[in-house]
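Chemist: Sharing target_10.json (JSON, C-alpha atoms) below.
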[["chain", "number", "residue", "atom", "x", "y", "z"],
["U", 1, "MET", "CA", -26.73, -139.67, -103.52],
["U", 2, "ASN", "CA", -29.11, -140.51, -106.28],
["U", 3, "ARG", "CA", -29.52, -144.09, -107.41],
["U", 4, "ARG", "CA", -27.93, -143.53, -110.85],
["U", 5, "LEU", "CA", -24.72, -142.18, -109.28],
["U", 6, "ILE", "CA", -24.57, -145.10, -106.83],
["U", 7, "ALA", "CA", -25.14, -147.56, -109.67],
["U", 8, "ALA", "CA", -22.38, -145.91, -111.72],
["U", 9, "ILE", "CA", -19.93, -146.07, -108.79],
["U", 10, "VAL", "CA", -20.76, -149.73, -108.21],
["U", 11, "ALA", "CA", -20.25, -150.46, -111.93],
["U", 12, "VAL", "CA", -16.85, -148.73, -112.00],
["U", 13, "SER", "CA", -15.83, -150.52, -108.80],
["U", 14, "ALA", "CA", -16.79, -153.84, -110.34],
["U", 15, "LEU", "CA", -14.75, -153.07, -113.45],
["U", 16, "LEU", "CA", -11.73, -152.20, -111.34],
["U", 17, "THR", "CA", -12.10, -155.32, -109.25],
["U", 18, "VAL", "CA", -11.85, -157.48, -112.34],
["U", 19, "SER", "CA", -9.77, -155.05, -114.30],
["U", 20, "CYS", "CA", -6.13, -155.62, -114.05],
["U", 21, "SER", "CA", -5.27, -160.68, -114.59],
["U", 22, "SER", "CA", -4.37, -162.43, -117.63],
["U", 23, "PRO", "CA", -7.09, -161.79, -120.19],
["U", 24, "ASN", "CA", -8.14, -165.45, -120.23],
["U", 25, "GLU", "CA", -7.73, -166.17, -116.54],
["U", 26, "SER", "CA", -10.17, -165.12, -113.81],
["U", 27, "LEU", "CA", -9.00, -164.20, -110.33],
["U", 28, "ALA", "CA", -10.48, -167.48, -109.06],
["U", 29, "GLU", "CA", -8.48, -169.43, -111.66],
["U", 30, "GLN", "CA", -5.33, -167.57, -110.63],
["U", 31, "TYR", "CA", -5.88, -168.59, -107.02],
["U", 32, "GLU", "CA", -6.60, -172.17, -108.03],
["U", 33, "ASN", "CA", -3.45, -172.55, -110.11],
["U", 34, "GLY", "CA", -1.29, -170.64, -107.64],
["U", 35, "SER", "CA", -0.29, -167.72, -109.89],
["U", 36, "GLU", "CA", -2.25, -165.16, -107.83],
["U", 37, "GLU", "CA", -1.31, -162.23, -110.04],
["U", 38, "GLY", "CA", -4.30, -160.31, -108.65],
["U", 39, "TYR", "CA", -5.05, -158.24, -111.72],
["U", 40, "ILE", "CA", -6.95, -158.52, -115.00],
["U", 41, "SER", "CA", -5.41, -156.66, -117.90],
["U", 42, "GLY", "CA", -6.89, -155.77, -121.24],
["U", 43, "ASP", "CA", -5.76, -157.61, -124.33],
["U", 44, "GLY", "CA", -3.87, -154.72, -125.88],
["U", 45, "SER", "CA", -6.63, -154.08, -128.39],
["U", 46, "THR", "CA", -6.81, -150.67, -130.01],
["U", 47, "VAL", "CA", -9.76, -148.61, -131.17],
["U", 48, "GLU", "CA", -9.66, -145.45, -133.26],
["U", 49, "ILE", "CA", -12.98, -143.61, -133.43],
["U", 50, "PRO", "CA", -13.80, -141.52, -136.52],
["U", 51, "ALA", "CA", -14.56, -137.88, -135.61],
["U", 52, "SER", "CA", -18.17, -138.21, -136.73],
["U", 53, "GLU", "CA", -18.76, -141.16, -134.40],
["U", 54, "ARG", "CA", -17.23, -139.82, -131.18],
["U", 55, "ASP", "CA", -19.31, -139.39, -128.06],
["U", 56, "ALA", "CA", -19.90, -136.08, -126.30],
["U", 57, "PRO", "CA", -16.95, -134.23, -124.75],
["U", 58, "VAL", "CA", -15.81, -135.61, -121.41],
["U", 59, "SER", "CA", -16.09, -133.23, -118.46],
["U", 60, "TYR", "CA", -14.48, -133.58, -115.02],
["U", 61, "GLU", "CA", -12.78, -131.79, -112.13],
["U", 62, "ALA", "CA", -10.29, -133.55, -109.89],
["U", 63, "VAL", "CA", -7.23, -133.24, -107.67],
["U", 64, "LEU", "CA", -3.76, -134.23, -108.83],
["U", 65, "ASP", "CA", -1.20, -136.14, -106.77],
["U", 66, "THR", "CA", 0.58, -132.77, -106.43],
["U", 67, "GLY", "CA", -2.47, -131.33, -104.64],
["U", 68, "GLU", "CA", -3.33, -129.05, -107.56],
["U", 69, "GLN", "CA", -6.76, -128.94, -109.18],
["U", 70, "VAL", "CA", -7.25, -130.17, -112.75],
["U", 71, "SER", "CA", -10.26, -129.89, -114.99],
["U", 72, "SER", "CA", -11.17, -131.07, -118.47],
["U", 73, "SER", "CA", -11.42, -127.38, -119.39],
["U", 74, "ASP", "CA", -7.66, -127.07, -118.77],
["U", 75, "PHE", "CA", -7.21, -129.07, -122.01],
["U", 76, "ASP", "CA", -9.69, -127.12, -124.17],
["U", 77, "GLY", "CA", -8.37, -126.90, -127.71],
["U", 78, "SER", "CA", -5.60, -129.44, -127.05],
["U", 79, "VAL", "CA", -5.14, -133.07, -127.97],
["U", 80, "TYR", "CA", -4.15, -134.93, -124.80],
["U", 81, "VAL", "CA", -3.46, -138.43, -123.50],
["U", 82, "VAL", "CA", -5.05, -140.02, -120.43],
["U", 83, "ASN", "CA", -3.59, -143.16, -118.84],
["U", 84, "PHE", "CA", -5.53, -145.12, -116.18],
["U", 85, "TRP", "CA", -3.11, -146.98, -113.88],
["U", 86, "TYR", "CA", -2.07, -147.97, -110.36],
["U", 87, "SER", "CA", 1.30, -148.78, -108.87],
["U", 88, "SER", "CA", 1.00, -152.52, -108.19],
["U", 89, "CYS", "CA", -0.34, -153.30, -111.69],
["U", 90, "PRO", "CA", 2.48, -155.12, -113.57],
["U", 91, "PRO", "CA", 1.52, -153.87, -117.05],
["U", 92, "CYS", "CA", 1.37, -150.32, -115.67],
["U", 93, "ARG", "CA", 4.99, -150.63, -114.55],
["U", 94, "LEU", "CA", 6.01, -152.11, -117.91],
["U", 95, "GLU", "CA", 4.53, -149.29, -119.96],
["U", 96, "ALA", "CA", 5.51, -146.41, -117.65],
["U", 97, "PRO", "CA", 8.91, -145.75, -119.33],
["U", 98, "ASP", "CA", 7.27, -145.69, -122.78],
["U", 99, "LEU", "CA", 4.60, -143.25, -121.61],
["U", 100, "ALA", "CA", 7.26, -141.08, -119.98],
["U", 101, "GLU", "CA", 9.29, -141.00, -123.20],
["U", 102, "LEU", "CA", 6.26, -140.25, -125.36],
["U", 103, "SER", "CA", 5.18, -137.43, -123.04],
["U", 104, "VAL", "CA", 8.57, -135.79, -123.61],
["U", 105, "GLN", "CA", 8.51, -136.50, -127.35],
["U", 106, "PHE", "CA", 5.05, -134.90, -127.68],
["U", 107, "ALA", "CA", 5.81, -131.72, -125.76],
["U", 108, "ASP", "CA", 2.67, -130.01, -127.13],
["U", 109, "VAL", "CA", 0.39, -132.91, -126.16],
["U", 110, "PRO", "CA", -0.30, -132.98, -122.41],
["U", 111, "PHE", "CA", -0.35, -136.35, -120.64],
["U", 112, "LEU", "CA", -2.54, -137.00, -117.59],
["U", 113, "GLY", "CA", -2.42, -140.05, -115.37],
["U", 114, "VAL", "CA", -5.49, -141.28, -113.53],
["U", 115, "ASN", "CA", -4.50, -143.40, -110.55],
["U", 116, "VAL", "CA", -7.43, -145.67, -109.71],
["U", 117, "SER", "CA", -6.17, -147.20, -106.48],
["U", 118, "ASP", "CA", -3.29, -145.46, -104.69],
["U", 119, "THR", "CA", -2.70, -142.49, -102.42],
["U", 120, "ALA", "CA", -1.08, -139.31, -103.75],
["U", 121, "GLU", "CA", 2.18, -140.22, -102.02],
["U", 122, "THR", "CA", 2.29, -143.67, -103.64],
["U", 123, "ALA", "CA", 1.50, -142.16, -107.05],
["U", 124, "ARG", "CA", 4.32, -139.61, -106.69],
["U", 125, "THR", "CA", 6.77, -142.32, -105.54],
["U", 126, "PHE", "CA", 5.88, -144.39, -108.61],
["U", 127, "ALA", "CA", 6.35, -141.38, -110.90],
["U", 128, "THR", "CA", 9.79, -140.70, -109.42],
["U", 129, "ALA", "CA", 10.86, -144.35, -109.64],
["U", 130, "TRP", "CA", 9.79, -144.70, -113.28],
["U", 131, "GLY", "CA", 10.70, -141.20, -114.47],
["U", 132, "VAL", "CA", 7.12, -140.19, -115.26],
["U", 133, "PRO", "CA", 7.18, -136.40, -115.71],
["U", 134, "TYR", "CA", 3.43, -135.71, -115.65],
["U", 135, "ALA", "CA", 0.99, -135.65, -112.73],
["U", 136, "SER", "CA", -1.85, -138.06, -112.02],
["U", 137, "VAL", "CA", -5.35, -137.59, -110.70],
["U", 138, "VAL", "CA", -5.87, -139.43, -107.41],
["U", 139, "ASP", "CA", -9.20, -141.05, -108.25],
["U", 140, "ALA", "CA", -9.43, -143.99, -105.82],
["U", 141, "LYS", "CA", -11.95, -142.48, -103.41],
["U", 142, "THR", "CA", -14.24, -140.57, -105.77],
["U", 143, "ALA", "CA", -13.82, -142.39, -109.12],
["U", 144, "GLY", "CA", -14.97, -139.09, -110.64],
["U", 145, "VAL", "CA", -12.65, -139.15, -113.65],
["U", 146, "GLN", "CA", -13.29, -142.85, -114.21],
["U", 147, "LEU", "CA", -17.03, -142.15, -114.23],
["U", 148, "ALA", "CA", -16.59, -139.19, -116.58],
["U", 149, "PHE", "CA", -14.82, -141.36, -119.16],
["U", 150, "ALA", "CA", -17.04, -144.41, -118.60],
["U", 151, "GLY", "CA", -19.86, -142.71, -120.51],
["U", 152, "SER", "CA", -17.88, -142.52, -123.74],
["U", 153, "VAL", "CA", -15.26, -145.23, -123.84],
["U", 154, "PRO", "CA", -15.19, -147.28, -120.64],
["U", 155, "PRO", "CA", -11.68, -147.84, -119.32],
["U", 156, "ASN", "CA", -12.59, -151.48, -118.75],
["U", 157, "ALA", "CA", -9.07, -152.64, -117.98],
["U", 158, "VAL", "CA", -6.12, -151.15, -116.18],
["U", 159, "PRO", "CA", -4.02, -149.93, -117.78],
["U", 160, "THR", "CA", -6.10, -148.16, -120.39],
["U", 161, "THR", "CA", -4.75, -145.28, -122.46],
["U", 162, "LEU", "CA", -6.97, -142.79, -124.27],
["U", 163, "VAL", "CA", -6.25, -140.05, -126.79],
["U", 164, "VAL", "CA", -8.67, -137.14, -126.43],
["U", 165, "ASP", "CA", -9.26, -134.74, -129.33],
["U", 166, "ARG", "CA", -9.28, -130.92, -129.27],
["U", 167, "ASN", "CA", -13.01, -130.94, -128.54],
["U", 168, "GLY", "CA", -12.63, -133.10, -125.43],
["U", 169, "LYS", "CA", -13.93, -136.26, -127.14],
["U", 170, "VAL", "CA", -12.25, -139.66, -126.86],
["U", 171, "ALA", "CA", -10.65, -140.37, -130.24],
["U", 172, "ALA", "CA", -8.62, -143.53, -129.57],
["U", 173, "ARG", "CA", -8.07, -146.21, -126.93],
["U", 174, "ILE", "CA", -5.54, -148.89, -126.05],
["U", 175, "SER", "CA", -7.03, -151.41, -123.65],
["U", 176, "GLY", "CA", -4.27, -153.02, -121.61],
["U", 177, "LEU", "CA", -0.51, -152.81, -121.98],
["U", 178, "ILE", "CA", 0.87, -150.56, -124.69],
["U", 179, "ARG", "CA", 2.79, -153.33, -126.45],
["U", 180, "ASP", "CA", 4.53, -151.02, -128.91],
["U", 181, "PRO", "CA", 4.89, -147.27, -128.25],
["U", 182, "SER", "CA", 4.72, -146.61, -132.00],
["U", 183, "ILE", "CA", 1.01, -147.54, -131.86],
["U", 184, "LEU", "CA", 0.23, -144.76, -129.38],
["U", 185, "GLU", "CA", 2.57, -142.44, -131.28],
["U", 186, "ALA", "CA", 0.60, -143.04, -134.50],
["U", 187, "MET", "CA", -2.71, -142.49, -132.68],
["U", 188, "ILE", "CA", -1.49, -139.17, -131.27],
["U", 189, "ASP", "CA", -0.14, -138.06, -134.66],
["U", 190, "SER", "CA", -3.45, -138.91, -136.31],
["U", 191, "VAL", "CA", -5.55, -136.92, -133.83],
["U", 192, "VAL", "CA", -3.11, -133.98, -133.84],
["U", 193, "ALA", "CA", -3.35, -133.89, -137.66],
["U", 194, "GLU", "CA", -7.15, -133.54, -137.61],
["U", 195, "GLY", "CA", -8.28, -130.18, -138.91],
["U", 196, "GLN", "CA", -4.79, -129.02, -139.83]]
Written as structure tokens, how would this file's structure read?
Modeler:
Amino acid sequence: MNRRLIAAIVAVSALLTVSCSSPNESLAEQYENGSEEGYISGDGSTVEIPASERDAPVSYEAVLDTGEQVSSSDFDGSVYVVNFWYSSCPPCRLEAPDLAELSVQFADVPFLGVNVSDTAETARTFATAWGVPYASVVDAKTAGVQLAFAGSVPPNAVPTTLVVDRNGKVAARISGLIRDPSILEAMIDSVVAEGQ
């Protein structure tokens, strides 16, 4: 492996290690005060990126928890939503029903999960338990999809939800728990409306 790829993998691993605790509380502080939540979540902040300021299209190939292949090219010409998650992350469990509902509401907007920690079996069990109708990339071993998105808008907290435009560029981000599904709904509507 070349040094840049190793450095990128180390950087993503470091982000995930500190990615999913209370925004103002480090893992060491959690241990010290006895809460031991074991995750660092984003603060729920949102970013919408004007079309003229978006980074290059994101490109990746991966394997879903169903065993099927998925590629960024599968979404060419479509607006789609990407959610970075893992099963033992409390905010991920909280927002799962909202994401499931939105994925049904926006039937023409594909949703893709990116599981950053679990096995395919654990990801499928989670999806069944929470009624999540879309598949997830199993990205724990390779971090390939995480690395692909890190170049444009780093998913610096789990969960992170991205809206990707028809050109494969990240158009919007929610870092942390989706506190109100209407926020993601408005982001999707806005990106879908582009160029119409």
Chemist: Please list as a ChimeraX atom specification every residue within 7 Å of range 109-123 of chain U, counting only C-alpha atoms and excluding residues in the same chain fewer than 6 positions away.
Modeler: /U:65,78-87,103,134-140
Chemist: Write to file, as a PDB file, keeping the file's coordinate frame, the residues of the selection just made, with C-alpha atoms.
Modeler:
ATOM      1  CA  ASP U  65      -1.200-136.140-106.770  1.00  0.00           C
ATOM      2  CA  SER U  78      -5.600-129.440-127.050  1.00  0.00           C
ATOM      3  CA  VAL U  79      -5.140-133.070-127.970  1.00  0.00           C
ATOM      4  CA  TYR U  80      -4.150-134.930-124.800  1.00  0.00           C
ATOM      5  CA  VAL U  81      -3.460-138.430-123.500  1.00  0.00           C
ATOM      6  CA  VAL U  82      -5.050-140.020-120.430  1.00  0.00           C
ATOM      7  CA  ASN U  83      -3.590-143.160-118.840  1.00  0.00           C
ATOM      8  CA  PHE U  84      -5.530-145.120-116.180  1.00  0.00           C
ATOM      9  CA  TRP U  85      -3.110-146.980-113.880  1.00  0.00           C
ATOM     10  CA  TYR U  86      -2.070-147.970-110.360  1.00  0.00           C
ATOM     11  CA  SER U  87       1.300-148.780-108.870  1.00  0.00           C
ATOM     12  CA  SER U 103       5.180-137.430-123.040  1.00  0.00           C
ATOM     13  CA  TYR U 134       3.430-135.710-115.650  1.00  0.00           C
ATOM     14  CA  ALA U 135       0.990-135.650-112.730  1.00  0.00           C
ATOM     15  CA  SER U 136      -1.850-138.060-112.020  1.00  0.00           C
ATOM     16  CA  VAL U 137      -5.350-137.590-110.700  1.00  0.00           C
ATOM     17  CA  VAL U 138      -5.870-139.430-107.410  1.00  0.00           C
ATOM     18  CA  ASP U 139      -9.200-141.050-108.250  1.00  0.00           C
ATOM     19  CA  ALA U 140      -9.430-143.990-105.820  1.00  0.00           C
TER      20      ALA U 140
END
Chemist: What does the distance from CA of Ser152 in chain U to CA of Ile178 in chain U come to in Å, to one decimal?
Modeler: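 Taking CA of Ser152 in chain U and CA of Ile178 in chain U, their separation equals 20.4 Å.
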Chemist: Could you check which of U:Phe106, U:Phe126, U:Phe75, U:Tyr60 is closest to Arg166 in chain U, using all atoms listed in the file?
Modeler: U:Phe75
Chemist: How many Å separate CA of Ala100 in chain U from CA of Glu68 in chain U?
Modeler: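 Spanning CA of Ala100 in chain U to CA of Glu68 in chain U is a straight-line distance of 20.3 Å.
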Chemist: Measure the distance from CA of Asp189 in chain U to CA of Leu94 in chain U in Å and round it to one decimal.
Modeler: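 Taking CA of Asp189 in chain U as the start and CA of Leu94 in chain U as the end point, the length is 22.7 Å.
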Chemist: Between U:Ser71, U:Met187, U:Thr66, U:Gly151, which one has atoms that come closest to Thr125 in chain U, using all atoms listed in the file?
Modeler: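 Nearest to Thr125 in chain U: U:Thr66.
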Chemist: Which one of U:Val58, U:Ala107, U:Ala193, U:Val132 sits closest to Phe149 in chain U if you count only C-alpha atoms?
Modeler: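 Between U:Val58, U:Ala107, U:Ala193, U:Val132, the residue approaching Phe149 in chain U most closely is U:Val58.
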Chemist: For a quick check of understanding, using only C-alpha atoms, which of U:Asp165, U:Asp98, U:Glu194, U:Asp180 has the smallest distance to Ala56 in chain U?
Modeler: U:Asp165
Chemist: Find, counting only C-alpha atoms, the residue in U:Gln105, U:Ser182, U:Gln196, U:Asn167 that gets nearest to Asp74 in chain U.
Modeler: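 Closest candidate: U:Asn167.
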Chemist: Need to verify the contact set: Ala51 in chain U, 12 Å, all atoms listed in the file, exclusion of same-chain residues closer than 3 positions in sequence. Can you return it as a PyMOL selection string?
Modeler: chain U and resi 48+54-57+164-172+190-191+194-195
Chemist: Is there a way to complete range 148-175 of chain U with N, CA and C atoms and then write that out as an mmCIF file, in the frame of the given file?
Modeler:
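What ended up in selection_19.cif:
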data_model
loop_
_atom_site.group_PDB
_atom_site.id
_atom_site.type_symbol
_atom_site.label_atom_id
_atom_site.label_comp_id
_atom_site.auth_asym_id
_atom_site.auth_seq_id
_atom_site.Cartn_x
_atom_site.Cartn_y
_atom_site.Cartn_z
ATOM 1 N N ALA U 148 -16.461 -140.128 -115.467
ATOM 2 C CA ALA U 148 -16.590 -139.190 -116.580
ATOM 3 C C ALA U 148 -16.264 -139.868 -117.900
ATOM 4 N N PHE U 149 -15.218 -140.684 -117.921
ATOM 5 C CA PHE U 149 -14.820 -141.360 -119.160
ATOM 6 C C PHE U 149 -15.643 -142.617 -119.427
ATOM 7 N N ALA U 150 -16.259 -143.183 -118.411
ATOM 8 C CA ALA U 150 -17.040 -144.410 -118.600
ATOM 9 C C ALA U 150 -18.217 -144.204 -119.537
ATOM 10 N N GLY U 151 -18.733 -142.993 -119.632
ATOM 11 C CA GLY U 151 -19.860 -142.710 -120.510
ATOM 12 C C GLY U 151 -19.516 -142.768 -121.976
ATOM 13 N N SER U 152 -18.248 -142.508 -122.320
ATOM 14 C CA SER U 152 -17.880 -142.520 -123.740
ATOM 15 C C SER U 152 -17.151 -143.782 -124.127
ATOM 16 N N VAL U 153 -16.010 -144.008 -123.565
ATOM 17 C CA VAL U 153 -15.260 -145.230 -123.840
ATOM 18 C C VAL U 153 -14.833 -145.773 -122.484
ATOM 19 N N PRO U 154 -15.498 -146.811 -121.978
ATOM 20 C CA PRO U 154 -15.190 -147.280 -120.640
ATOM 21 C C PRO U 154 -13.757 -147.789 -120.526
ATOM 22 N N PRO U 155 -13.003 -147.279 -119.569
ATOM 23 C CA PRO U 155 -11.680 -147.840 -119.320
ATOM 24 C C PRO U 155 -11.854 -149.162 -118.587
ATOM 25 N N ASN U 156 -12.174 -150.220 -119.340
ATOM 26 C CA ASN U 156 -12.590 -151.480 -118.750
ATOM 27 C C ASN U 156 -11.436 -152.370 -118.316
ATOM 28 N N ALA U 157 -10.229 -151.891 -118.446
ATOM 29 C CA ALA U 157 -9.070 -152.640 -117.980
ATOM 30 C C ALA U 157 -7.997 -151.646 -117.579
ATOM 31 N N VAL U 158 -7.220 -152.005 -116.606
ATOM 32 C CA VAL U 158 -6.120 -151.150 -116.180
ATOM 33 C C VAL U 158 -4.840 -151.897 -116.508
ATOM 34 N N PRO U 159 -3.953 -151.293 -117.272
ATOM 35 C CA PRO U 159 -4.020 -149.930 -117.780
ATOM 36 C C PRO U 159 -4.930 -149.789 -119.006
ATOM 37 N N THR U 160 -5.417 -148.579 -119.167
ATOM 38 C CA THR U 160 -6.100 -148.160 -120.390
ATOM 39 C C THR U 160 -5.551 -146.785 -120.735
ATOM 40 N N THR U 161 -5.269 -146.570 -122.007
ATOM 41 C CA THR U 161 -4.750 -145.280 -122.460
ATOM 42 C C THR U 161 -5.675 -144.725 -123.524
ATOM 43 N N LEU U 162 -6.053 -143.460 -123.362
ATOM 44 C CA LEU U 162 -6.970 -142.790 -124.270
ATOM 45 C C LEU U 162 -6.296 -141.579 -124.897
ATOM 46 N N VAL U 163 -6.638 -141.303 -126.141
ATOM 47 C CA VAL U 163 -6.250 -140.050 -126.790
ATOM 48 C C VAL U 163 -7.526 -139.245 -126.938
ATOM 49 N N VAL U 164 -7.502 -138.016 -126.426
ATOM 50 C CA VAL U 164 -8.670 -137.140 -126.430
ATOM 51 C C VAL U 164 -8.428 -136.023 -127.441
ATOM 52 N N ASP U 165 -9.433 -135.748 -128.266
ATOM 53 C CA ASP U 165 -9.260 -134.740 -129.330
ATOM 54 C C ASP U 165 -9.405 -133.309 -128.781
ATOM 55 N N ARG U 166 -9.246 -132.333 -129.670
ATOM 56 C CA ARG U 166 -9.280 -130.920 -129.270
ATOM 57 C C ARG U 166 -10.640 -130.478 -128.733
ATOM 58 N N ASN U 167 -11.668 -131.258 -129.023
ATOM 59 C CA ASN U 167 -13.010 -130.940 -128.540
ATOM 60 C C ASN U 167 -13.358 -131.676 -127.246
ATOM 61 N N GLY U 168 -12.386 -132.383 -126.675
ATOM 62 C CA GLY U 168 -12.630 -133.100 -125.430
ATOM 63 C C GLY U 168 -13.297 -134.449 -125.614
ATOM 64 N N LYS U 169 -13.295 -134.974 -126.843
ATOM 65 C CA LYS U 169 -13.930 -136.260 -127.140
ATOM 66 C C LYS U 169 -12.873 -137.355 -127.255
ATOM 67 N N VAL U 170 -13.177 -138.534 -126.760
ATOM 68 C CA VAL U 170 -12.250 -139.660 -126.860
ATOM 69 C C VAL U 170 -12.143 -140.072 -128.318
ATOM 70 N N ALA U 171 -10.893 -140.072 -128.832
ATOM 71 C CA ALA U 171 -10.650 -140.370 -130.240
ATOM 72 C C ALA U 171 -9.999 -141.730 -130.451
ATOM 73 N N ALA U 172 -9.317 -142.247 -129.417
ATOM 74 C CA ALA U 172 -8.620 -143.530 -129.570
ATOM 75 C C ALA U 172 -8.403 -144.154 -128.202
ATOM 76 N N ARG U 173 -8.266 -145.500 -128.196
ATOM 77 C CA ARG U 173 -8.070 -146.210 -126.930
ATOM 78 C C ARG U 173 -7.149 -147.414 -127.140
ATOM 79 N N ILE U 174 -6.285 -147.641 -126.159
ATOM 80 C CA ILE U 174 -5.540 -148.890 -126.050
ATOM 81 C C ILE U 174 -5.969 -149.528 -124.744
ATOM 82 N N SER U 175 -6.544 -150.711 -124.835
ATOM 83 C CA SER U 175 -7.030 -151.410 -123.650
ATOM 84 C C SER U 175 -5.970 -152.416 -123.216
#
